[in-house]
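J.: Contents are mmCIF, C-alpha atoms; file name input39.cif:
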data_start
loop_
_atom_site.group_PDB
_atom_site.id
_atom_site.type_symbol
_atom_site.label_atom_id
_atom_site.label_comp_id
_atom_site.auth_asym_id
_atom_site.auth_seq_id
_atom_site.Cartn_x
_atom_site.Cartn_y
_atom_site.Cartn_z
ATOM 1 C CA MET A 8 0.000 0.000 0.000
ATOM 2 C CA LEU A 9 1.161 3.530 -0.756
ATOM 3 C CA THR A 10 2.099 5.106 2.578
ATOM 4 C CA ILE A 11 2.929 8.743 3.343
ATOM 5 C CA THR A 12 4.837 9.384 6.564
ATOM 6 C CA ILE A 13 4.528 12.906 7.943
ATOM 7 C CA LYS A 14 7.494 14.626 9.565
ATOM 8 C CA GLN A 15 7.423 14.755 13.353
ATOM 9 C CA GLY A 16 5.536 17.873 14.436
ATOM 10 C CA LYS A 17 3.965 18.427 11.015
ATOM 11 C CA GLU A 18 0.902 16.303 11.781
ATOM 12 C CA LYS A 19 -0.796 19.030 13.840
ATOM 13 C CA SER A 20 -2.706 20.564 10.934
ATOM 14 C CA LEU A 21 -4.062 17.150 9.935
ATOM 15 C CA LEU A 22 -5.147 16.437 13.491
ATOM 16 C CA GLN A 23 -7.047 19.737 13.333
ATOM 17 C CA GLY A 24 -8.847 18.654 10.147
ATOM 18 C CA ASP A 25 -6.766 20.299 7.408
ATOM 19 C CA CYS A 26 -7.112 18.239 4.217
ATOM 20 C CA LEU A 27 -4.026 19.528 2.347
ATOM 21 C CA ILE A 28 -0.689 17.744 2.710
ATOM 22 C CA TYR A 29 2.247 19.731 1.357
ATOM 23 C CA LEU A 30 5.516 18.268 0.125
ATOM 24 C CA SER A 31 7.382 20.117 2.879
ATOM 25 C CA ALA A 32 5.439 18.170 5.547
ATOM 26 C CA ILE A 33 6.320 14.728 4.178
ATOM 27 C CA ASP A 34 9.188 12.651 5.531
ATOM 28 C CA LYS A 35 8.898 9.784 3.041
ATOM 29 C CA VAL A 36 6.589 7.973 0.651
ATOM 30 C CA ASP A 37 6.710 4.176 0.641
ATOM 31 C CA GLY A 38 5.224 1.828 -1.916
ATOM 32 C CA LYS A 39 5.940 0.041 -5.145
ATOM 33 C CA PRO A 40 7.683 2.211 -7.782
ATOM 34 C CA GLY A 41 4.533 2.322 -9.909
ATOM 35 C CA GLU A 42 2.413 3.374 -6.926
ATOM 36 C CA ARG A 43 4.760 6.211 -5.991
ATOM 37 C CA MET A 44 4.235 7.752 -9.443
ATOM 38 C CA GLN A 45 0.525 6.965 -9.849
ATOM 39 C CA SER A 46 -1.465 10.187 -10.050
ATOM 40 C CA GLY A 47 -4.577 10.020 -7.890
ATOM 41 C CA ALA A 48 -3.623 6.830 -6.047
ATOM 42 C CA THR A 49 -5.045 6.429 -2.560
ATOM 43 C CA ALA A 50 -2.390 6.664 0.141
ATOM 44 C CA LEU A 51 -2.444 5.861 3.831
ATOM 45 C CA VAL A 52 -1.105 8.842 5.796
ATOM 46 C CA GLN A 53 0.646 8.205 9.112
ATOM 47 C CA THR A 54 2.687 9.956 11.785
ATOM 48 C CA SER A 55 6.414 9.417 12.202
ATOM 49 C CA SER A 56 5.537 6.787 14.841
ATOM 50 C CA GLY A 57 3.167 4.936 12.496
ATOM 51 C CA GLN A 58 -0.138 6.252 13.887
ATOM 52 C CA PHE A 59 -2.959 6.463 11.338
ATOM 53 C CA LEU A 60 -3.867 9.991 10.297
ATOM 54 C CA ALA A 61 -5.920 9.767 7.103
ATOM 55 C CA ARG A 62 -6.393 8.344 3.638
ATOM 56 C CA ALA A 63 -5.647 10.769 0.842
ATOM 57 C CA GLY A 64 -5.469 11.172 -2.929
ATOM 58 C CA PHE A 65 -1.807 11.309 -3.983
ATOM 59 C CA SER A 66 -0.335 13.741 -6.506
ATOM 60 C CA PRO A 67 3.312 12.746 -7.126
ATOM 61 C CA LYS A 68 4.479 15.996 -8.764
ATOM 62 C CA SER A 69 2.410 18.658 -7.002
ATOM 63 C CA GLN A 70 3.556 20.845 -4.119
ATOM 64 C CA ILE A 71 0.259 19.768 -2.543
ATOM 65 C CA ARG A 72 1.336 16.120 -2.468
ATOM 66 C CA ALA A 73 -1.961 14.743 -1.181
ATOM 67 C CA ARG A 74 -5.505 15.790 -0.314
ATOM 68 C CA VAL A 75 -7.362 13.987 2.438
ATOM 69 C CA TRP A 76 -10.350 11.844 1.566
ATOM 70 C CA SER A 77 -11.157 10.633 5.070
ATOM 71 C CA PHE A 78 -9.846 10.752 8.642
ATOM 72 C CA ASP A 79 -11.776 7.563 9.503
ATOM 73 C CA PRO A 80 -9.455 4.506 9.650
ATOM 74 C CA ASN A 81 -12.415 2.213 8.938
ATOM 75 C CA GLU A 82 -13.606 4.017 5.791
ATOM 76 C CA PRO A 83 -12.287 2.543 2.518
ATOM 77 C CA ILE A 84 -11.882 4.825 -0.501
ATOM 78 C CA ASP A 85 -13.798 3.086 -3.267
ATOM 79 C CA HIS A 86 -16.630 3.663 -5.760
ATOM 80 C CA ALA A 87 -19.221 3.495 -2.982
ATOM 81 C CA PHE A 88 -17.356 6.146 -0.964
ATOM 82 C CA ILE A 89 -17.151 8.540 -3.922
ATOM 83 C CA LYS A 90 -20.833 8.068 -4.747
ATOM 84 C CA ARG A 91 -21.840 8.733 -1.131
ATOM 85 C CA ARG A 92 -19.879 11.976 -1.085
ATOM 86 C CA VAL A 93 -21.393 13.191 -4.361
ATOM 87 C CA LYS A 94 -24.922 12.235 -3.292
ATOM 88 C CA ALA A 95 -24.489 13.966 0.074
ATOM 89 C CA ALA A 96 -23.286 17.180 -1.581
ATOM 90 C CA ILE A 97 -26.271 17.247 -3.936
ATOM 91 C CA ALA A 98 -28.733 16.417 -1.154
ATOM 92 C CA LYS A 99 -27.350 19.255 0.967
ATOM 93 C CA ARG A 100 -28.190 21.747 -1.765
ATOM 94 C CA ARG A 101 -31.377 20.115 -3.029
ATOM 95 C CA PRO A 102 -33.668 22.913 -1.724
ATOM 96 C CA ALA A 103 -31.727 25.308 -3.968
ATOM 97 C CA ALA A 104 -31.712 22.931 -6.903
ATOM 98 C CA GLY A 105 -34.952 24.345 -8.258
ATOM 99 C CA LYS A 106 -33.354 27.728 -8.864
ATOM 100 C CA PRO A 107 -31.395 26.867 -12.010
ATOM 101 C CA ALA A 108 -34.607 25.736 -13.713
ATOM 102 C CA VAL A 109 -35.211 29.465 -14.059
ATOM 103 C CA ALA A 110 -33.309 30.788 -17.047
ATOM 104 C CA GLY A 111 -30.250 32.759 -16.081
ATOM 105 C CA HIS A 112 -29.531 31.091 -12.737
ATOM 106 C CA ALA A 113 -27.059 28.437 -11.640
ATOM 107 C CA VAL A 114 -26.376 26.378 -8.508
ATOM 108 C CA ARG A 115 -22.971 25.305 -7.193
ATOM 109 C CA LEU A 116 -23.615 21.626 -6.447
ATOM 110 C CA ILE A 117 -20.155 20.596 -5.252
ATOM 111 C CA THR A 118 -17.529 22.796 -3.615
ATOM 112 C CA GLY A 119 -14.350 20.780 -3.169
ATOM 113 C CA ASP A 120 -13.074 20.525 0.413
ATOM 114 C CA GLU A 121 -16.407 21.658 1.850
ATOM 115 C CA ASP A 122 -18.029 18.502 0.473
ATOM 116 C CA GLY A 123 -15.169 16.108 1.146
ATOM 117 C CA LEU A 124 -14.277 16.045 -2.551
ATOM 118 C CA PRO A 125 -11.089 18.163 -2.642
ATOM 119 C CA GLY A 126 -10.410 19.687 -6.036
ATOM 120 C CA LEU A 127 -13.903 19.140 -7.483
ATOM 121 C CA LEU A 128 -16.216 21.979 -8.498
ATOM 122 C CA VAL A 129 -19.597 21.323 -10.121
ATOM 123 C CA ASP A 130 -22.112 23.952 -11.286
ATOM 124 C CA TRP A 131 -25.617 23.126 -12.495
ATOM 125 C CA PHE A 132 -27.149 25.242 -15.231
ATOM 126 C CA ALA A 133 -30.555 23.599 -15.432
ATOM 127 C CA ALA A 134 -32.464 25.885 -17.785
ATOM 128 C CA ALA A 135 -33.479 23.511 -20.613
ATOM 129 C CA PRO A 136 -31.802 21.339 -21.740
ATOM 130 C CA GLY A 137 -29.553 21.606 -18.661
ATOM 131 C CA TYR A 138 -25.797 21.315 -18.187
ATOM 132 C CA LEU A 139 -23.498 20.233 -15.389
ATOM 133 C CA VAL A 140 -20.102 21.924 -15.683
ATOM 134 C CA CYS A 141 -17.311 20.180 -13.765
ATOM 135 C CA GLN A 142 -13.770 21.195 -12.899
ATOM 136 C CA PHE A 143 -11.399 18.435 -11.771
ATOM 137 C CA LEU A 144 -8.582 20.422 -10.174
ATOM 138 C CA ALA A 145 -6.735 17.700 -8.250
ATOM 139 C CA ALA A 146 -5.302 14.297 -9.066
ATOM 140 C CA GLY A 147 -7.527 12.490 -6.566
ATOM 141 C CA VAL A 148 -10.886 13.533 -8.001
ATOM 142 C CA ASP A 149 -9.544 13.221 -11.546
ATOM 143 C CA ALA A 150 -8.835 9.530 -10.899
ATOM 144 C CA TRP A 151 -12.464 9.005 -9.815
ATOM 145 C CA LYS A 152 -14.016 10.909 -12.705
ATOM 146 C CA VAL A 153 -16.193 8.043 -13.977
ATOM 147 C CA PRO A 154 -18.123 7.305 -10.734
ATOM 148 C CA ILE A 155 -18.412 11.042 -10.071
ATOM 149 C CA VAL A 156 -20.056 11.651 -13.450
ATOM 150 C CA GLN A 157 -22.255 8.549 -13.127
ATOM 151 C CA THR A 158 -23.562 9.762 -9.765
ATOM 152 C CA LEU A 159 -24.136 13.309 -11.018
ATOM 153 C CA LEU A 160 -26.227 11.966 -13.890
ATOM 154 C CA ALA A 161 -28.242 9.672 -11.626
ATOM 155 C CA GLU A 162 -28.884 12.201 -8.859
ATOM 156 C CA THR A 163 -29.731 15.277 -10.945
ATOM 157 C CA GLY A 164 -31.426 13.756 -13.981
ATOM 158 C CA CYS A 165 -29.333 16.094 -16.129
ATOM 159 C CA ARG A 166 -28.087 14.378 -19.302
ATOM 160 C CA ASN A 167 -25.275 16.777 -20.214
ATOM 161 C CA VAL A 168 -21.981 16.884 -18.302
ATOM 162 C CA TYR A 169 -19.120 19.062 -19.476
ATOM 163 C CA GLU A 170 -15.554 19.200 -18.157
ATOM 164 C CA ARG A 171 -14.047 22.674 -18.081
ATOM 165 C CA SER A 172 -10.293 22.765 -17.673
ATOM 166 C CA ASP A 173 -8.339 25.184 -15.514
ATOM 167 C CA PRO A 174 -4.928 24.916 -17.234
ATOM 168 C CA LEU A 175 -2.872 26.429 -14.396
ATOM 169 C CA MET A 176 -4.454 24.330 -11.654
ATOM 170 C CA ARG A 177 -4.218 21.119 -13.666
ATOM 171 C CA LYS A 178 -0.619 21.822 -14.685
ATOM 172 C CA ALA A 179 0.287 22.172 -10.998
ATOM 173 C CA GLU A 180 -1.164 18.673 -10.488
ATOM 174 C CA ASP A 181 0.630 17.350 -13.596
ATOM 175 C CA LEU A 182 -2.745 16.698 -15.240
ATOM 176 C CA PRO A 183 -3.434 17.253 -18.958
ATOM 177 C CA ASP A 184 -5.313 20.345 -20.100
ATOM 178 C CA VAL A 185 -8.549 18.759 -21.316
ATOM 179 C CA SER A 186 -12.061 20.081 -21.845
ATOM 180 C CA GLY A 187 -15.079 18.459 -23.437
ATOM 181 C CA ALA A 188 -18.342 16.613 -22.977
ATOM 182 C CA LEU A 189 -18.222 13.743 -20.481
ATOM 183 C CA ALA A 190 -21.863 12.859 -21.168
ATOM 184 C CA GLY A 191 -24.466 14.147 -23.596
ATOM 185 C CA ASP A 192 -23.920 17.352 -25.547
ATOM 186 C CA GLU A 193 -21.465 20.216 -25.194
ATOM 187 C CA PRO A 194 -22.974 23.433 -23.806
ATOM 188 C CA PRO A 195 -23.509 26.558 -25.907
ATOM 189 C CA TYR A 196 -20.721 29.103 -26.016
ATOM 190 C CA ASP A 197 -22.956 31.790 -24.517
ATOM 191 C CA MET A 198 -25.743 31.541 -21.965
ATOM 192 C CA ASP A 199 -27.848 34.501 -20.847
ATOM 193 C CA MET A 200 -27.250 34.882 -17.078
ATOM 194 C CA THR A 201 -28.375 37.264 -14.349
ATOM 195 C CA GLU A 202 -26.427 37.820 -11.130
ATOM 196 C CA LYS A 203 -27.382 40.433 -8.521
ATOM 197 C CA GLY A 204 -29.541 42.142 -11.109
ATOM 198 C CA VAL A 205 -26.750 42.321 -13.691
ATOM 199 C CA ARG A 206 -27.344 40.584 -16.998
ATOM 200 C CA TYR A 207 -24.404 39.087 -18.896
ATOM 201 C CA LEU A 208 -23.412 36.311 -21.285
ATOM 202 C CA LEU A 209 -21.490 33.377 -19.806
ATOM 203 C CA ASN A 210 -19.363 31.065 -21.928
ATOM 204 C CA LEU A 211 -19.995 27.742 -20.168
ATOM 205 C CA ARG A 212 -16.979 26.163 -21.874
ATOM 206 C CA THR A 213 -14.452 28.682 -20.573
ATOM 207 C CA GLY A 214 -16.203 30.471 -17.704
ATOM 208 C CA GLU A 215 -15.661 33.851 -19.372
ATOM 209 C CA LYS A 216 -18.303 36.563 -18.879
ATOM 210 C CA ARG A 217 -19.293 39.304 -21.334
ATOM 211 C CA LYS A 218 -21.642 42.213 -20.897
ATOM 212 C CA PHE A 219 -25.018 41.506 -22.391
ATOM 213 C CA GLY A 220 -25.499 43.135 -25.791
#
Please re-express this file's structure in structure tokens.

T.:
Amino acid sequence: MLTITIKQGKEKSLLQGDCLIYLSAIDKVDGKPGERMQSGATALVQTSSGQFLARAGFSPKSQIRARVWSFDPNEPIDHAFIKRRVKAAIAKRRPAAGKPAVAGHAVRLITGDEDGLPGLLVDWFAAAPGYLVCQFLAAGVDAWKVPIVQTLLAETGCRNVYERSDPLMRKAEDLPDVSGALAGDEPPYDMDMTEKGVRYLLNLRTGEKRKFG
């Protein structure tokens, strides 16, 4: 198993619930050669004395070497875990989920660390025909892209899922700069949006905003 040992004294932030593990806090990484270079692999994180701290998604070339999935030693990181986290995030915001059915509004369904899915952002633009726009900004969530998308489709009923790349964030994680439809159709280049009474055009593929008209 891939194992990350934290330097003595550097475990305090993890014990306080911080989910980011920086390269500077790591004493060593043990595992098979292939595991130590596998982007998104699940690693066991331990103290210098071998005490369990967390399980985390590993990013072998990032300054943020790992992002915590769970602090529970009895919780495996598998398809069922990922689906539970996605479903819980959507359920938490379900009362607001009716809003995007109104043209010009959107709902942030998943907000990374806040939802226990570090590096994942998902926005729902549900005005017909509806689009889910995802950003996979860390190696851990990128490795679980398929079950994440499957659960989004099942829980929202939306047929169109689009991946929007953030080139700088993905480069820092040594991930390729990719954008495109993960399910259904690609979104339009411009969508008429209203935010705080201001009307503008939003390019769903890039996130760029332009003044309306």

J.: In terms of the shortest atom-to-atom distance over all atoms listed in the file, which of A:Lys17, A:Arg212, A:Arg206, A:Lys218 is closest to Val185 (chain A)?

T.: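 For Val185 (chain A), the nearest of the candidates is A:Arg212.
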
J.: Using all atoms listed in the file for the distances, tell me which of A:Leu175, A:Ala188, A:Val36, A:Leu128 is nearest to Met8 (chain A).

T.: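 Comparing A:Leu175, A:Ala188, A:Val36, A:Leu128 against Met8 (chain A), the winner is A:Val36.
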
J.: How many Å separate CA of Gly38 (chain A) from CA of Leu182 (chain A)?

T.: 21.5 Å

J.: Considering only C-alpha atoms, can you say which of A:Arg115, A:Lys152, A:Arg62, A:Lys178 comes closest to Glu82 (chain A)?

T.: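 For Glu82 (chain A), the nearest of the candidates is A:Arg62.
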
J.: Just give me the gap between CA of Pro174 (chain A) and CA of Asp85 (chain A) in Å, one decimal is fine.

T.: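 CA of Asp85 (chain A) lies at a distance of 27.4 Å from CA of Pro174 (chain A).
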
J.: So which residues touch region 160-173 of chain A within 7 Å, counting only C-alpha atoms, skipping near sequence neighbours fewer than 5 positions away, as JSON, numbers by chain?

T.: {"A": [94, 137, 138, 139, 140, 141, 142, 184, 185, 186, 187, 188, 189, 190, 191, 192, 193, 212, 213]}
